[in-house]
Every structure is written in structure tokens, then in C-alpha cells.
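**Q** One structure, as C-alpha cells, below. Some questions next.
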Amino acid sequence: GKLLLEVLAPVLSEHVALRMVLRDLPICVVDGHVVERPGHSYSWATFLDPNLPVRSTVRANVVQAVLQHPSWTMGATHVADVYKALQNAKDRHGRRALQLSDGSTRSLFKHLLYFCARYEIFDGPPVYVGPKVVVVHAFDHGICHQVFDMNTTDLGVLDLSGFIAANQMLGQWSAERHSAHRKTENDLAKWNHAFGHWDKDKNGQLNLNEFLGYCDHICGGQLKVAMKFMASHADYMREVR
């Protein structure tokens, strides 16, 4: 059956929606640590789904209120762990809340969690430290959106050739690649099949949400990259030329 949240969605006020979501969050804080809350009914992920017919202002303000709730700052040892758990919470179909959510909600999470709202820098020591250079590994959470934008048609969607080009870019830019990525017949067959699978409305093109769904499936919507921080602007300009 449906959640009460789903039944009342079109008429929910911010106050009522917030109370309903807070009563059924997928996480709780125990001794400063964020843990999964057993027996929850997926209200949080359901609320983030743009298909829920709640007013956009209600959704945006409730999400903001949940993330800024004083129970996190007072109870959690690391509030970033709360944000990570909420963005990675699954809906009843196993889909991540962040991937379900609309663009404004994804942007809010990225600004809370990532360097430049994009890069999740790895914990631990850097990969390399020099007199004027530091290299670190990070997960790039904006790469899929970027390659989509770089390969769209004039209509703002990916056709098959754009989809193939986007996949080539993802392979070239990954820090985990072992050699220069070349387009092979196996790659082409795989990408042709994937394009047909993720083209949900069978119109010969992928919109942004369809492509992000594909990226979430193949790489979790992120890519491991190396980031170089340089003290000298002149050195940087010489390197990028």
C-alpha cells in the first residue's frame, strides 16, 4: 500500500511534511555514530522523488530543514556522516535517494559534502607531496553531468554518437584506467546495448536523468580522479598549455 505521505502529498504543508519525514528517517545517531534505523518505511527517499506530487517549495524547504536539524549537530560526532547517509539512503526499490532527487536537492548535498561542490577528497595522506605540489585522489561527483553537457545535441539530449563519446571521455579521465582507453568493437556493442536499455521512452535519445541513471548503474555516478594542487600559477599555466 501507499504511505500516508504519498496520499497527502498534493496538500502537504511544510510543517506537516517535515513532521512526517522526521518520524520515519532511515538513520539515527547512537553514541555519536550514524546508524541505519531498522523498520523505517522509506519516507525520506519517497519524499525526494520528483514524481511525488508535493509542491516544489515544500520539498526544498523540508529537505533544508532536515539537513539543518539540531539533532545532527548536537548528536553526531561528524555531521558529514549524516549527510552522506541521507544521500545514500535507498528507496523501496533499492535506488539511492540522491539519484532520485531533483537538481536543486542534488546541488544542496554536493555543496554540503564536496570540495567545490564536486570533489570528495579521500581521507588519509596525499598521493604525492612536493615543494610546490600536492596530489590527492578524489571521487568526482560532477563528471557525469559534465560529459553529458559536452556531448549533447542542439536539443540538449544525447543521441547514440554522443552517448558513445561520453563513455569514451569517462574512460579517458578515470584515475583507475591502466592504459589509454581505445574504442573497440566490444565497447561499441556494449554501448549500443546500454543506449537501447536506458532510452526508456524509446525515442532514440537520452535526457540528463536517463544518462545519470546509467552512470549511477555503471560507476555509482562518480569517477575516481587525481587532483593536483599547485602553489605557483605560472607553473599551472605552463602545465595546461
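Following the order of the C-alpha cells, first chain is A, next is B, and so on, with residues numbered from 1 inside each chain and ligands from 1 in the order they appear.
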Could you make a table, as JSON lines, of the residues of stretch 77-139 of chain A that have an atom within 12 Å of an atom of stretch 38-60 of chain A, each with its nearest atom pair and distance in Å to one decimal, counting only C-alpha atoms, in chain and number order?
**A**
{"residue": "A:Ala85", "atom": "CA", "partner": "A:Trp44", "partner_atom": "CA", "distance": 11.4}
{"residue": "A:Leu86", "atom": "CA", "partner": "A:Trp44", "partner_atom": "CA", "distance": 8.2}
{"residue": "A:Gln87", "atom": "CA", "partner": "A:Ala45", "partner_atom": "CA", "distance": 8.8}
{"residue": "A:Asn88", "atom": "CA", "partner": "A:Ala45", "partner_atom": "CA", "distance": 9.3}
{"residue": "A:Ala89", "atom": "CA", "partner": "A:Ala45", "partner_atom": "CA", "distance": 6.9}
{"residue": "A:Lys90", "atom": "CA", "partner": "A:Ala45", "partner_atom": "CA", "distance": 6.4}
{"residue": "A:Asp91", "atom": "CA", "partner": "A:Ala45", "partner_atom": "CA", "distance": 5.1}
{"residue": "A:Arg92", "atom": "CA", "partner": "A:Tyr42", "partner_atom": "CA", "distance": 6.3}
{"residue": "A:His93", "atom": "CA", "partner": "A:Tyr42", "partner_atom": "CA", "distance": 9.8}
{"residue": "A:Gly94", "atom": "CA", "partner": "A:Ala45", "partner_atom": "CA", "distance": 10.0}
{"residue": "A:Arg95", "atom": "CA", "partner": "A:Ala45", "partner_atom": "CA", "distance": 8.6}
{"residue": "A:Arg96", "atom": "CA", "partner": "A:Ala45", "partner_atom": "CA", "distance": 7.7}
{"residue": "A:Ala97", "atom": "CA", "partner": "A:Ala45", "partner_atom": "CA", "distance": 4.9}
{"residue": "A:Leu98", "atom": "CA", "partner": "A:Leu48", "partner_atom": "CA", "distance": 8.0}
{"residue": "A:Gln99", "atom": "CA", "partner": "A:Asp49", "partner_atom": "CA", "distance": 8.9}
{"residue": "A:Leu100", "atom": "CA", "partner": "A:Asp49", "partner_atom": "CA", "distance": 5.3}
{"residue": "A:Ser101", "atom": "CA", "partner": "A:Leu48", "partner_atom": "CA", "distance": 5.0}
{"residue": "A:Asp102", "atom": "CA", "partner": "A:Pro50", "partner_atom": "CA", "distance": 6.0}
{"residue": "A:Gly103", "atom": "CA", "partner": "A:Pro50", "partner_atom": "CA", "distance": 9.7}
{"residue": "A:Ser104", "atom": "CA", "partner": "A:Ala60", "partner_atom": "CA", "distance": 7.7}
{"residue": "A:Thr105", "atom": "CA", "partner": "A:Ala60", "partner_atom": "CA", "distance": 7.1}
{"residue": "A:Arg106", "atom": "CA", "partner": "A:Leu48", "partner_atom": "CA", "distance": 9.9}
{"residue": "A:Ser107", "atom": "CA", "partner": "A:Ala60", "partner_atom": "CA", "distance": 11.3}
{"residue": "A:Leu108", "atom": "CA", "partner": "A:Ala60", "partner_atom": "CA", "distance": 9.5}
{"residue": "A:Phe109", "atom": "CA", "partner": "A:Ala60", "partner_atom": "CA", "distance": 11.8}
**Q** Okay, now the selection with N, CA and C atoms, as a tab-separated table (two decimals), in the first residue's frame?
**A**
chain	number	residue	atom	x	y	z
A	85	ALA	N	24.90	9.61	4.75
A	85	ALA	CA	23.92	8.55	4.96
A	85	ALA	C	22.57	8.91	4.35
A	86	LEU	N	22.19	10.18	4.45
A	86	LEU	CA	20.90	10.60	3.89
A	86	LEU	C	20.92	10.60	2.37
A	87	GLN	N	22.03	10.98	1.78
A	87	GLN	CA	22.08	10.98	0.31
A	87	GLN	C	22.17	9.56	-0.25
A	88	ASN	N	22.71	8.63	0.52
A	88	ASN	CA	22.87	7.26	0.05
A	88	ASN	C	21.75	6.33	0.49
A	89	ALA	N	20.79	6.85	1.24
A	89	ALA	CA	19.65	6.03	1.67
A	89	ALA	C	18.90	5.52	0.44
A	90	LYS	N	18.39	4.31	0.52
A	90	LYS	CA	17.71	3.69	-0.61
A	90	LYS	C	16.19	3.82	-0.48
A	91	ASP	N	15.53	3.80	-1.62
A	91	ASP	CA	14.07	3.71	-1.60
A	91	ASP	C	13.67	2.24	-1.58
A	92	ARG	N	12.40	1.96	-1.63
A	92	ARG	CA	11.94	0.57	-1.52
A	92	ARG	C	12.35	-0.29	-2.71
A	93	HIS	N	12.84	0.37	-3.78
A	93	HIS	CA	13.29	-0.36	-4.96
A	93	HIS	C	14.81	-0.45	-5.03
A	94	GLY	N	15.49	0.03	-3.99
A	94	GLY	CA	16.94	-0.05	-3.95
A	94	GLY	C	17.67	1.08	-4.64
A	95	ARG	N	16.96	2.14	-5.00
A	95	ARG	CA	17.59	3.28	-5.68
A	95	ARG	C	18.06	4.30	-4.65
A	96	ARG	N	19.24	4.89	-4.90
A	96	ARG	CA	19.78	5.89	-3.97
A	96	ARG	C	18.94	7.15	-3.97
A	97	ALA	N	18.77	7.73	-2.78
A	97	ALA	CA	17.97	8.94	-2.64
A	97	ALA	C	18.53	10.08	-3.47
A	98	LEU	N	19.85	10.23	-3.49
A	98	LEU	CA	20.45	11.33	-4.24
A	98	LEU	C	20.15	11.23	-5.72
A	99	GLN	N	20.21	10.01	-6.25
A	99	GLN	CA	19.97	9.85	-7.68
A	99	GLN	C	18.50	10.07	-8.02
A	100	LEU	N	17.61	9.79	-7.07
A	100	LEU	CA	16.18	10.01	-7.29
A	100	LEU	C	15.83	11.49	-7.29
A	101	SER	N	16.59	12.28	-6.55
A	101	SER	CA	16.18	13.65	-6.23
A	101	SER	C	16.31	14.59	-7.42
A	102	ASP	N	15.71	15.77	-7.29
A	102	ASP	CA	15.78	16.77	-8.35
A	102	ASP	C	17.12	17.51	-8.29
A	103	GLY	N	17.36	18.36	-9.28
A	103	GLY	CA	18.64	19.03	-9.39
A	103	GLY	C	18.98	19.92	-8.22
A	104	SER	N	18.00	20.62	-7.66
A	104	SER	CA	18.27	21.52	-6.54
A	104	SER	C	18.67	20.75	-5.30
A	105	THR	N	18.06	19.58	-5.08
A	105	THR	CA	18.42	18.76	-3.92
A	105	THR	C	19.82	18.18	-4.08
A	106	ARG	N	20.14	17.69	-5.28
A	106	ARG	CA	21.49	17.17	-5.52
A	106	ARG	C	22.53	18.26	-5.31
A	107	SER	N	22.23	19.46	-5.78
A	107	SER	CA	23.16	20.57	-5.62
A	107	SER	C	23.37	20.90	-4.14
A	108	LEU	N	22.30	20.85	-3.36
A	108	LEU	CA	22.41	21.13	-1.93
A	108	LEU	C	23.34	20.12	-1.25
A	109	PHE	N	23.16	18.85	-1.53
A	109	PHE	CA	24.02	17.83	-0.94
A	109	PHE	C	25.47	18.03	-1.35
**Q** Would you please extract all strand (DSSP E or B) residues from stretch 22-182 of chain A, as assigned by DSSP on the backbone, and give them as JSON, numbers by chain?
**A** {"A": [27, 28, 29, 30, 33, 34, 35, 36, 90, 96, 115, 119, 120, 121, 128, 129, 133, 134, 135, 136, 137, 138, 139, 140, 158]}
**Q** Residues as selected, N, CA and C atoms, written as a JSON list (two decimals), in the first residue's frame, can you do that?
**A**
[["chain", "number", "residue", "atom", "x", "y", "z"],
["A", 27, "ILE", "N", 17.87, 6.88, 9.17],
["A", 27, "ILE", "CA", 19.05, 6.84, 10.03],
["A", 27, "ILE", "C", 18.72, 7.40, 11.41],
["A", 28, "CYS", "N", 19.61, 7.10, 12.37],
["A", 28, "CYS", "CA", 19.56, 7.74, 13.68],
["A", 28, "CYS", "C", 20.99, 7.83, 14.19],
["A", 29, "VAL", "N", 21.19, 8.59, 15.25],
["A", 29, "VAL", "CA", 22.52, 8.76, 15.83],
["A", 29, "VAL", "C", 22.58, 8.04, 17.17],
["A", 30, "VAL", "N", 23.55, 7.14, 17.31],
["A", 30, "VAL", "CA", 23.74, 6.37, 18.53],
["A", 30, "VAL", "C", 25.17, 6.57, 19.01],
["A", 33, "HIS", "N", 27.49, 8.12, 16.57],
["A", 33, "HIS", "CA", 27.67, 7.45, 15.28],
["A", 33, "HIS", "C", 26.34, 7.36, 14.53],
["A", 34, "VAL", "N", 26.41, 7.51, 13.21],
["A", 34, "VAL", "CA", 25.22, 7.42, 12.37],
["A", 34, "VAL", "C", 24.99, 5.95, 12.01],
["A", 35, "VAL", "N", 23.80, 5.44, 12.32],
["A", 35, "VAL", "CA", 23.47, 4.04, 12.03],
["A", 35, "VAL", "C", 22.13, 3.99, 11.30],
["A", 36, "GLU", "N", 21.93, 2.89, 10.58],
["A", 36, "GLU", "CA", 20.66, 2.70, 9.89],
["A", 36, "GLU", "C", 19.55, 2.44, 10.90],
["A", 90, "LYS", "N", 18.39, 4.31, 0.52],
["A", 90, "LYS", "CA", 17.71, 3.69, -0.61],
["A", 90, "LYS", "C", 16.19, 3.82, -0.48],
["A", 96, "ARG", "N", 19.24, 4.89, -4.90],
["A", 96, "ARG", "CA", 19.78, 5.89, -3.97],
["A", 96, "ARG", "C", 18.94, 7.15, -3.97],
["A", 115, "PHE", "N", 34.30, 19.30, -1.99],
["A", 115, "PHE", "CA", 35.15, 20.42, -2.36],
["A", 115, "PHE", "C", 34.67, 20.97, -3.71],
["A", 119, "TYR", "N", 34.03, 17.50, -5.65],
["A", 119, "TYR", "CA", 35.09, 16.51, -5.41],
["A", 119, "TYR", "C", 35.09, 16.02, -3.97],
["A", 120, "GLU", "N", 34.95, 14.71, -3.80],
["A", 120, "GLU", "CA", 35.00, 14.07, -2.48],
["A", 120, "GLU", "C", 36.43, 13.58, -2.26],
["A", 121, "ILE", "N", 37.25, 14.41, -1.62],
["A", 121, "ILE", "CA", 38.67, 14.10, -1.45],
["A", 121, "ILE", "C", 38.83, 12.95, -0.46],
["A", 128, "TYR", "N", 50.97, 12.38, -3.33],
["A", 128, "TYR", "CA", 52.31, 12.95, -3.54],
["A", 128, "TYR", "C", 52.36, 14.34, -2.92],
["A", 129, "VAL", "N", 53.48, 14.65, -2.29],
["A", 129, "VAL", "CA", 53.71, 15.99, -1.75],
["A", 129, "VAL", "C", 55.07, 16.46, -2.22],
["A", 133, "VAL", "N", 53.73, 21.30, -4.90],
["A", 133, "VAL", "CA", 52.65, 20.49, -5.49],
["A", 133, "VAL", "C", 52.14, 19.48, -4.47],
["A", 134, "VAL", "N", 50.82, 19.32, -4.42],
["A", 134, "VAL", "CA", 50.20, 18.24, -3.65],
["A", 134, "VAL", "C", 49.21, 17.52, -4.56],
["A", 135, "VAL", "N", 49.27, 16.20, -4.60],
["A", 135, "VAL", "CA", 48.36, 15.39, -5.42],
["A", 135, "VAL", "C", 47.53, 14.51, -4.50],
["A", 136, "VAL", "N", 46.23, 14.53, -4.71],
["A", 136, "VAL", "CA", 45.32, 13.69, -3.92],
["A", 136, "VAL", "C", 44.38, 12.95, -4.86],
["A", 137, "HIS", "N", 43.80, 11.88, -4.36],
["A", 137, "HIS", "CA", 42.73, 11.20, -5.08],
["A", 137, "HIS", "C", 41.39, 11.68, -4.55],
["A", 138, "ALA", "N", 40.41, 11.66, -5.43],
["A", 138, "ALA", "CA", 39.06, 12.10, -5.06],
["A", 138, "ALA", "C", 38.04, 11.40, -5.94],
["A", 139, "PHE", "N", 36.82, 11.33, -5.46],
["A", 139, "PHE", "CA", 35.70, 10.94, -6.31],
["A", 139, "PHE", "C", 35.10, 12.21, -6.90],
["A", 140, "ASP", "N", 34.98, 12.23, -8.21],
["A", 140, "ASP", "CA", 34.39, 13.37, -8.92],
["A", 140, "ASP", "C", 32.90, 13.08, -9.11],
["A", 158, "LEU", "N", 21.36, 13.39, -25.51],
["A", 158, "LEU", "CA", 22.39, 12.57, -26.13],
["A", 158, "LEU", "C", 21.78, 11.65, -27.18]]
**Q** Just the alpha helix (DSSP H) stuff from stretch 62-189 of chain A, please, per backbone DSSP, written as a count of residues only.
**A** 65
**Q** Show me a table, sorted first by chain and then by increasing residue number, of the residues of stretch 12-43 of chain A having an atom at most 10 Å from stretch 65-72 of chain A, each with its shortest atom pair and the distance in Å to one decimal, counting only C-alpha atoms and written as CSV.
**A**
residue,atom,partner,partner_atom,distance
A:Glu14,CA,A:Ala65,CA,9.6
A:Leu18,CA,A:Val66,CA,7.4
A:Arg19,CA,A:Val66,CA,9.8
A:Val21,CA,A:Val66,CA,8.3
A:Leu22,CA,A:Val66,CA,7.2
A:Leu25,CA,A:Val66,CA,9.4
A:Cys28,CA,A:Trp72,CA,8.9
A:Val29,CA,A:Trp72,CA,7.6
A:Gly32,CA,A:Trp72,CA,9.1
A:Val34,CA,A:Trp72,CA,9.3
**Q** Looking at A:Leu206, A:Leu212, A:Val79, A:Leu155, which one is nearest to A:Gly142, with distances taken over only C-alpha atoms?
**A**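 Under the stated criterion, the closest residue is A:Leu212.
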**Q** Can you pull out the residues contacting A:Ile164? Cut-off 8 Å, using only C-alpha atoms, and skip same-chain residues under 3 positions away; I want them as a PyMOL selection string.
**A** chain A and resi 160-161+167-168+188+191
**Q** Can you write just those residues out, N, CA and C atoms, as an mmCIF file, in the first residue's frame?
**A**
data_model
loop_
_atom_site.group_PDB
_atom_site.id
_atom_site.type_symbol
_atom_site.label_atom_id
_atom_site.label_comp_id
_atom_site.auth_asym_id
_atom_site.auth_seq_id
_atom_site.Cartn_x
_atom_site.Cartn_y
_atom_site.Cartn_z
ATOM 1 N N LEU A 160 22.987 8.527 -30.018
ATOM 2 C CA LEU A 160 23.892 7.393 -29.829
ATOM 3 C C LEU A 160 25.353 7.803 -29.947
ATOM 4 N N SER A 161 25.684 8.631 -30.931
ATOM 5 C CA SER A 161 27.086 9.039 -31.100
ATOM 6 C C SER A 161 27.563 9.860 -29.909
ATOM 7 N N ASN A 167 30.975 8.098 -23.054
ATOM 8 C CA ASN A 167 31.594 6.929 -22.431
ATOM 9 C C ASN A 167 33.100 6.904 -22.652
ATOM 10 N N GLN A 168 33.538 7.318 -23.832
ATOM 11 C CA GLN A 168 34.980 7.394 -24.083
ATOM 12 C C GLN A 168 35.640 8.386 -23.133
ATOM 13 N N LEU A 188 31.804 -0.795 -28.466
ATOM 14 C CA LEU A 188 30.691 -0.291 -29.277
ATOM 15 C C LEU A 188 29.441 -1.145 -29.095
ATOM 16 N N TRP A 191 28.050 -0.384 -25.613
ATOM 17 C CA TRP A 191 27.417 0.931 -25.512
ATOM 18 C C TRP A 191 26.126 1.000 -26.327
#
**Q** Separation of atom CA of A:Glu6 and atom CA of A:Asp201, in Å?
**A**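 If I compute the distance from atom CA of A:Glu6 to atom CA of A:Asp201, I get 25.0 Å.
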**Q** Between atom CA of A:Val147 and atom CA of A:Asp123, measure the distance and give it in Å to one decimal.
**A**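 Here the two named atoms are 26.3 Å from each other.
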**Q** Quick one: of A:Ala117, A:Ile218, A:Leu170, A:Leu12, who's nearest to A:His141, counting only C-alpha atoms?
**A** A:Ala117
**Q** Leaving out A:Leu208 and any residue of its chain fewer than 4 positions from it, which residues lie within 9 Å of it when counting only C-alpha atoms, given as a VMD selection string?
**A** chain A and resid 145 148 to 149 156 to 158 212 to 213
